[in-house]
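Enquirer: Structure supplied as work_27.cif; contents: mmCIF, C-alpha atoms.
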data_query
loop_
_atom_site.group_PDB
_atom_site.id
_atom_site.type_symbol
_atom_site.label_atom_id
_atom_site.label_comp_id
_atom_site.auth_asym_id
_atom_site.auth_seq_id
_atom_site.Cartn_x
_atom_site.Cartn_y
_atom_site.Cartn_z
ATOM 1 C CA MET A 1 51.885 -1.128 22.254
ATOM 2 C CA SER A 2 48.478 0.510 21.932
ATOM 3 C CA THR A 3 46.542 0.618 18.667
ATOM 4 C CA GLU A 4 46.794 4.416 18.685
ATOM 5 C CA LYS A 5 50.598 4.310 19.067
ATOM 6 C CA THR A 6 50.889 1.715 16.305
ATOM 7 C CA LEU A 7 48.750 3.833 13.983
ATOM 8 C CA SER A 8 50.819 6.912 14.806
ATOM 9 C CA ASN A 9 54.036 5.034 14.015
ATOM 10 C CA HIS A 10 52.658 3.847 10.676
ATOM 11 C CA LEU A 11 51.638 7.379 9.706
ATOM 12 C CA TYR A 12 54.985 8.858 10.725
ATOM 13 C CA ALA A 13 56.948 6.269 8.724
ATOM 14 C CA ILE A 14 54.708 6.593 5.656
ATOM 15 C CA ARG A 15 54.816 10.383 5.583
ATOM 16 C CA ALA A 16 58.576 10.437 6.060
ATOM 17 C CA GLU A 17 59.112 8.099 3.103
ATOM 18 C CA ILE A 18 56.586 9.897 0.892
ATOM 19 C CA SER A 19 58.432 13.171 1.504
ATOM 20 C CA LYS A 20 61.855 11.568 1.044
ATOM 21 C CA GLU A 21 61.007 10.000 -2.332
ATOM 22 C CA ALA A 22 59.036 12.948 -3.733
ATOM 23 C CA ASN A 23 60.373 14.932 -6.658
ATOM 24 C CA GLU A 24 59.180 18.065 -8.419
ATOM 25 C CA ALA A 25 59.171 16.550 -11.905
ATOM 26 C CA HIS A 26 56.778 13.795 -10.852
ATOM 27 C CA ARG A 27 54.615 16.269 -8.929
ATOM 28 C CA LEU A 28 54.175 18.370 -12.054
ATOM 29 C CA PHE A 29 53.525 15.256 -14.148
ATOM 30 C CA MET A 30 50.762 14.062 -11.801
ATOM 31 C CA ALA A 31 49.202 17.521 -11.587
ATOM 32 C CA LYS A 32 48.984 17.557 -15.387
ATOM 33 C CA THR A 33 47.894 13.913 -15.815
ATOM 34 C CA ALA A 34 45.150 14.012 -13.180
ATOM 35 C CA PRO A 35 44.157 17.689 -12.899
ATOM 36 C CA GLY A 36 41.595 17.096 -10.156
ATOM 37 C CA ILE A 37 44.313 16.284 -7.615
ATOM 38 C CA GLN A 38 44.178 18.721 -4.706
ATOM 39 C CA GLN A 39 47.529 18.089 -2.975
ATOM 40 C CA VAL A 40 50.430 16.035 -4.349
ATOM 41 C CA HIS A 41 54.056 15.550 -3.272
ATOM 42 C CA GLY A 42 55.306 13.764 -6.399
ATOM 43 C CA THR A 43 56.178 10.333 -5.024
ATOM 44 C CA PRO A 44 56.500 7.727 -7.828
ATOM 45 C CA LYS A 45 54.195 4.707 -8.013
ATOM 46 C CA PRO A 46 56.819 2.025 -7.161
ATOM 47 C CA GLU A 47 57.429 3.728 -3.826
ATOM 48 C CA ARG A 48 53.704 3.812 -3.064
ATOM 49 C CA ASN A 49 53.410 0.097 -3.871
ATOM 50 C CA HIS A 50 56.310 -0.631 -1.527
ATOM 51 C CA LEU A 51 54.569 1.287 1.240
ATOM 52 C CA ALA A 52 51.313 -0.623 0.730
ATOM 53 C CA LYS A 53 53.118 -3.934 1.169
ATOM 54 C CA ASN A 54 55.029 -2.836 4.255
ATOM 55 C CA HIS A 55 52.153 -1.176 6.127
ATOM 56 C CA SER A 56 49.197 -3.510 5.544
ATOM 57 C CA ASP A 57 49.286 -4.506 9.224
ATOM 58 C CA GLY A 58 48.017 -0.998 9.983
ATOM 59 C CA GLY A 59 44.605 -2.330 8.969
ATOM 60 C CA ILE A 60 41.392 -0.449 8.306
ATOM 61 C CA PRO A 61 42.192 2.353 10.821
ATOM 62 C CA LEU A 62 45.298 3.222 8.783
ATOM 63 C CA VAL A 63 43.247 3.275 5.570
ATOM 64 C CA GLU A 64 40.815 5.741 7.149
ATOM 65 C CA GLU A 65 43.545 8.027 8.510
ATOM 66 C CA LEU A 66 45.433 8.132 5.233
ATOM 67 C CA TRP A 67 42.255 9.006 3.335
ATOM 68 C CA LYS A 68 41.431 11.870 5.697
ATOM 69 C CA SER A 69 44.659 13.666 4.839
ATOM 70 C CA GLY A 70 43.468 14.705 1.369
ATOM 71 C CA VAL A 71 47.012 14.207 0.033
ATOM 72 C CA TYR A 72 47.148 12.300 -3.257
ATOM 73 C CA GLU A 73 49.891 9.836 -2.270
ATOM 74 C CA GLU A 74 48.232 9.069 1.056
ATOM 75 C CA GLN A 75 44.810 8.562 -0.500
ATOM 76 C CA MET A 76 46.268 6.346 -3.227
ATOM 77 C CA LEU A 77 48.060 4.339 -0.555
ATOM 78 C CA ALA A 78 44.772 4.088 1.358
ATOM 79 C CA VAL A 79 42.976 2.498 -1.601
ATOM 80 C CA LYS A 80 45.906 0.143 -2.321
ATOM 81 C CA LEU A 81 45.858 -0.968 1.322
ATOM 82 C CA LEU A 82 42.083 -1.374 1.198
ATOM 83 C CA GLU A 83 42.395 -3.757 -1.747
ATOM 84 C CA ARG A 84 44.861 -5.886 0.236
ATOM 85 C CA LEU A 85 42.533 -5.935 3.255
ATOM 86 C CA ALA A 86 39.188 -6.294 1.461
ATOM 87 C CA ARG A 87 38.980 -10.089 1.313
ATOM 88 C CA LYS A 88 39.327 -10.358 5.090
ATOM 89 C CA HIS A 89 37.222 -7.262 5.783
ATOM 90 C CA PRO A 90 34.544 -7.104 3.064
ATOM 91 C CA ALA A 91 32.030 -5.136 5.140
ATOM 92 C CA ASP A 92 34.622 -2.455 5.915
ATOM 93 C CA ALA A 93 35.689 -2.373 2.275
ATOM 94 C CA ILE A 94 32.116 -1.731 1.110
ATOM 95 C CA ARG A 95 31.584 0.867 3.848
ATOM 96 C CA LEU A 96 34.698 2.759 2.797
ATOM 97 C CA LEU A 97 33.876 2.449 -0.904
ATOM 98 C CA LYS A 98 30.590 4.190 -0.145
ATOM 99 C CA ALA A 99 32.347 6.818 1.973
ATOM 100 C CA PHE A 100 35.189 7.549 -0.455
ATOM 101 C CA THR A 101 33.216 7.655 -3.715
ATOM 102 C CA PRO A 102 31.411 10.987 -3.048
ATOM 103 C CA GLU A 103 34.804 12.586 -2.318
ATOM 104 C CA LEU A 104 36.579 11.550 -5.537
ATOM 105 C CA THR A 105 37.993 14.397 -7.626
ATOM 106 C CA GLU A 106 40.091 12.684 -10.330
ATOM 107 C CA TRP A 107 40.354 9.498 -12.365
ATOM 108 C CA SER A 108 43.434 7.705 -10.986
ATOM 109 C CA ILE A 109 42.210 7.178 -7.424
ATOM 110 C CA CYS A 110 38.691 6.498 -8.709
ATOM 111 C CA ASP A 111 39.927 3.746 -11.018
ATOM 112 C CA THR A 112 42.400 2.245 -8.543
ATOM 113 C CA LEU A 113 39.669 2.000 -5.916
ATOM 114 C CA ALA A 114 37.100 0.544 -8.331
ATOM 115 C CA MET A 115 39.427 -1.964 -9.970
ATOM 116 C CA GLY A 116 41.007 -3.066 -6.717
ATOM 117 C CA LEU A 117 37.731 -3.716 -4.941
ATOM 118 C CA SER A 118 36.043 -5.354 -7.950
ATOM 119 C CA ARG A 119 38.987 -7.766 -8.100
ATOM 120 C CA ALA A 120 39.114 -8.387 -4.344
ATOM 121 C CA LEU A 121 35.358 -8.684 -3.746
ATOM 122 C CA HIS A 122 34.029 -10.244 -6.962
ATOM 123 C CA LYS A 123 33.128 -13.478 -5.163
ATOM 124 C CA LYS A 124 31.831 -12.230 -1.820
ATOM 125 C CA GLU A 125 30.166 -8.944 -2.743
ATOM 126 C CA LYS A 126 29.088 -9.210 -6.382
ATOM 127 C CA LYS A 127 25.441 -8.371 -5.658
ATOM 128 C CA THR A 128 26.437 -5.367 -3.581
ATOM 129 C CA LEU A 129 28.851 -4.046 -6.197
ATOM 130 C CA PHE A 130 26.273 -4.469 -8.969
ATOM 131 C CA ALA A 131 23.645 -2.696 -6.864
ATOM 132 C CA LEU A 132 26.031 0.207 -6.257
ATOM 133 C CA SER A 133 26.884 0.365 -9.961
ATOM 134 C CA ASP A 134 23.203 0.526 -10.806
ATOM 135 C CA GLN A 135 22.528 3.222 -8.189
ATOM 136 C CA TRP A 136 25.568 5.361 -8.982
ATOM 137 C CA ALA A 137 24.928 5.316 -12.749
ATOM 138 C CA ALA A 138 22.210 7.924 -12.132
ATOM 139 C CA SER A 139 24.378 10.218 -10.005
ATOM 140 C CA ASP A 140 24.794 13.882 -10.909
ATOM 141 C CA ARG A 141 28.476 13.625 -9.879
ATOM 142 C CA MET A 142 30.777 12.711 -12.752
ATOM 143 C CA TRP A 143 33.239 10.706 -10.648
ATOM 144 C CA THR A 144 30.440 8.708 -9.074
ATOM 145 C CA ARG A 145 29.165 7.821 -12.545
ATOM 146 C CA ARG A 146 32.674 6.822 -13.580
ATOM 147 C CA MET A 147 32.910 4.649 -10.475
ATOM 148 C CA SER A 148 29.655 2.932 -11.507
ATOM 149 C CA LEU A 149 31.347 1.822 -14.736
ATOM 150 C CA VAL A 150 34.839 0.953 -13.530
ATOM 151 C CA LEU A 151 33.423 -1.168 -10.692
ATOM 152 C CA LEU A 152 32.372 -3.588 -13.433
ATOM 153 C CA TRP A 153 35.831 -3.914 -15.004
ATOM 154 C CA TYR A 154 36.830 -7.216 -13.381
ATOM 155 C CA PHE A 155 33.449 -8.797 -14.109
ATOM 156 C CA CYS A 156 33.932 -8.461 -17.871
ATOM 157 C CA ARG A 157 35.742 -11.804 -17.796
ATOM 158 C CA PHE A 158 32.653 -13.663 -16.616
ATOM 159 C CA GLU A 159 30.133 -14.538 -19.331
ATOM 160 C CA GLU A 160 27.186 -14.560 -16.946
ATOM 161 C CA ASP A 161 27.841 -10.914 -15.983
ATOM 162 C CA ARG A 162 28.245 -9.397 -19.441
ATOM 163 C CA ALA A 163 24.579 -8.708 -20.160
ATOM 164 C CA PHE A 164 24.380 -6.531 -17.035
ATOM 165 C CA ILE A 165 27.614 -4.759 -17.950
ATOM 166 C CA HIS A 166 26.443 -4.048 -21.501
ATOM 167 C CA ALA A 167 23.210 -2.604 -20.106
ATOM 168 C CA GLN A 168 25.111 -0.380 -17.680
ATOM 169 C CA VAL A 169 27.491 0.826 -20.379
ATOM 170 C CA ASN A 170 24.534 1.700 -22.601
ATOM 171 C CA ARG A 171 23.215 4.023 -19.903
ATOM 172 C CA HIS A 172 26.292 6.210 -20.360
ATOM 173 C CA VAL A 173 26.823 6.280 -24.127
ATOM 174 C CA ASN A 174 25.359 9.785 -24.468
ATOM 175 C CA ASP A 175 27.096 11.226 -21.413
ATOM 176 C CA LYS A 176 28.691 14.591 -22.224
ATOM 177 C CA GLU A 177 31.595 14.211 -19.804
ATOM 178 C CA HIS A 178 34.965 13.293 -21.301
ATOM 179 C CA TYR A 179 35.946 10.962 -18.456
ATOM 180 C CA ILE A 180 32.678 9.038 -18.722
ATOM 181 C CA ARG A 181 33.061 8.595 -22.477
ATOM 182 C CA LYS A 182 36.606 7.333 -21.918
ATOM 183 C CA ALA A 183 35.327 4.806 -19.380
ATOM 184 C CA VAL A 184 32.626 3.655 -21.802
ATOM 185 C CA THR A 185 35.263 3.054 -24.495
ATOM 186 C CA TRP A 186 37.531 1.256 -22.046
ATOM 187 C CA ILE A 187 34.850 -1.090 -20.678
ATOM 188 C CA ARG A 188 33.538 -1.833 -24.175
ATOM 189 C CA ARG A 189 37.063 -2.706 -25.278
ATOM 190 C CA GLU A 190 37.489 -4.997 -22.269
ATOM 191 C CA LEU A 191 34.165 -6.691 -23.012
ATOM 192 C CA LYS A 192 35.164 -7.250 -26.628
ATOM 193 C CA LYS A 193 38.520 -8.676 -25.572
ATOM 194 C CA GLN A 194 36.958 -11.097 -23.099
ATOM 195 C CA GLU A 195 34.184 -12.146 -25.469
ATOM 196 C CA SER A 196 36.711 -13.028 -28.151
ATOM 197 C CA GLU A 197 38.717 -15.347 -25.914
#
Please express the file's structure as structure tokens.
Expert:
Amino acid sequence: MSTEKTLSNHLYAIRAEISKEANEAHRLFMAKTAPGIQQVHGTPKPERNHLAKNHSDGGIPLVEELWKSGVYEEQMLAVKLLERLARKHPADAIRLLKAFTPELTEWSICDTLAMGLSRALHKKEKKTLFALSDQWAASDRMWTRRMSLVLLWYFCRFEEDRAFIHAQVNRHVNDKEHYIRKAVTWIRRELKKQESE
């Protein structure tokens, strides 16, 4: 079976299940919870997690195709798959992090991508992730700035990384955007929790 046929089969199966499990109540809930979502079917999270587990053999090409769709469930599945693949494909994970970040429009995919890759790549790509955090902190795009903070979430547990994280958080304390202020509060709370343990 060719790679193209395999990819096509993955996409067909995923889209069929997303449509099957979608419901209007969840669609309205997600539209309200994350108002930047462009297209959403209303498929609950447990179903998306099930899909990520069952389709990880689709690899990086499947991640890229799902992201291109612009559909919330498919993009969320793309970032969940990317987390599962990142340890074996760190260069692709960083490449796609850089490609996806400028296209973010709401907090849930932003945070899932940032948290998943910080957890998966904290050993292999720490310097790269810190460099991106430092660069993106100065972005004029709100979601890119939020990414710069949430990328540091997993590193809060490591004492040697906390000085850098505190410095990055301090760059955002006067940000006027609601979602940046929320991220500042969240990361500060995580730092406090880890420092007290």
Enquirer: Nearest residue to Leu51 (chain A) out of A:Ala16, A:Leu28, A:Ile187, A:Leu85, using all atoms listed in the file?
Expert: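 Comparing A:Ala16, A:Leu28, A:Ile187, A:Leu85 against Leu51 (chain A), the winner is A:Ala16.
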Enquirer: From the list A:Asn49, A:Thr144, A:Thr128, A:Asn23, which residue is nearest Trp107 (chain A) when using only C-alpha atoms?
Expert: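 Among the listed residues, the smallest separation from Trp107 (chain A) belongs to A:Thr144.
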Enquirer: Could you check the closest approach to Asp175 (chain A) for each of A:Glu65, A:Asp140, A:Asp134, A:Glu159 and tell me which residue wins, using only C-alpha atoms?
Expert: A:Asp140
Enquirer: Could you tell me which of A:Asp161, A:Glu125, A:Glu195, A:Glu190 comes closest to Ala91 (chain A) if we count only C-alpha atoms?
Expert: A:Glu125
Enquirer: Could you give me, as a PyMOL selection string, the residues that have an atom at most 12 Å away from the point (36.4, 5.7, -20.4) in the coordinates of the file, using all atoms listed in the file?
Expert: chain A and resi 107-108+110-111+142-143+145-150+153+169+172-173+175-190
Enquirer: Run the PyMOL selection byres ((chain A and resi 105) around 6) on the file and write out the hits as a VMD selection string.
Expert: chain A and resid 36 104 106
Enquirer: To one decimal place, how far is CA of Ile37 (chain A) from CA of Lys20 (chain A) in Å?
Expert: 20.1 Å
Enquirer: Measure the distance from CA of Leu121 (chain A) to CA of Pro90 (chain A) in Å and round it to one decimal.
Expert: 7.0 Å
Enquirer: At a cut-off of 12 Å, using only C-alpha atoms, what residues contact Ser19 (chain A)? Leave out same-chain residues fewer than 4 positions from it and give the result as number ranges by chain.
Expert: A: 12-15, 23-24, 27, 40-44, 47-48, 71, 73-74
Enquirer: Find the distance between CA of Ala78 (chain A) and CA of Ala52 (chain A) and write it in Å to one decimal.
Expert: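 If I compute the distance from CA of Ala78 (chain A) to CA of Ala52 (chain A), I get 8.1 Å.
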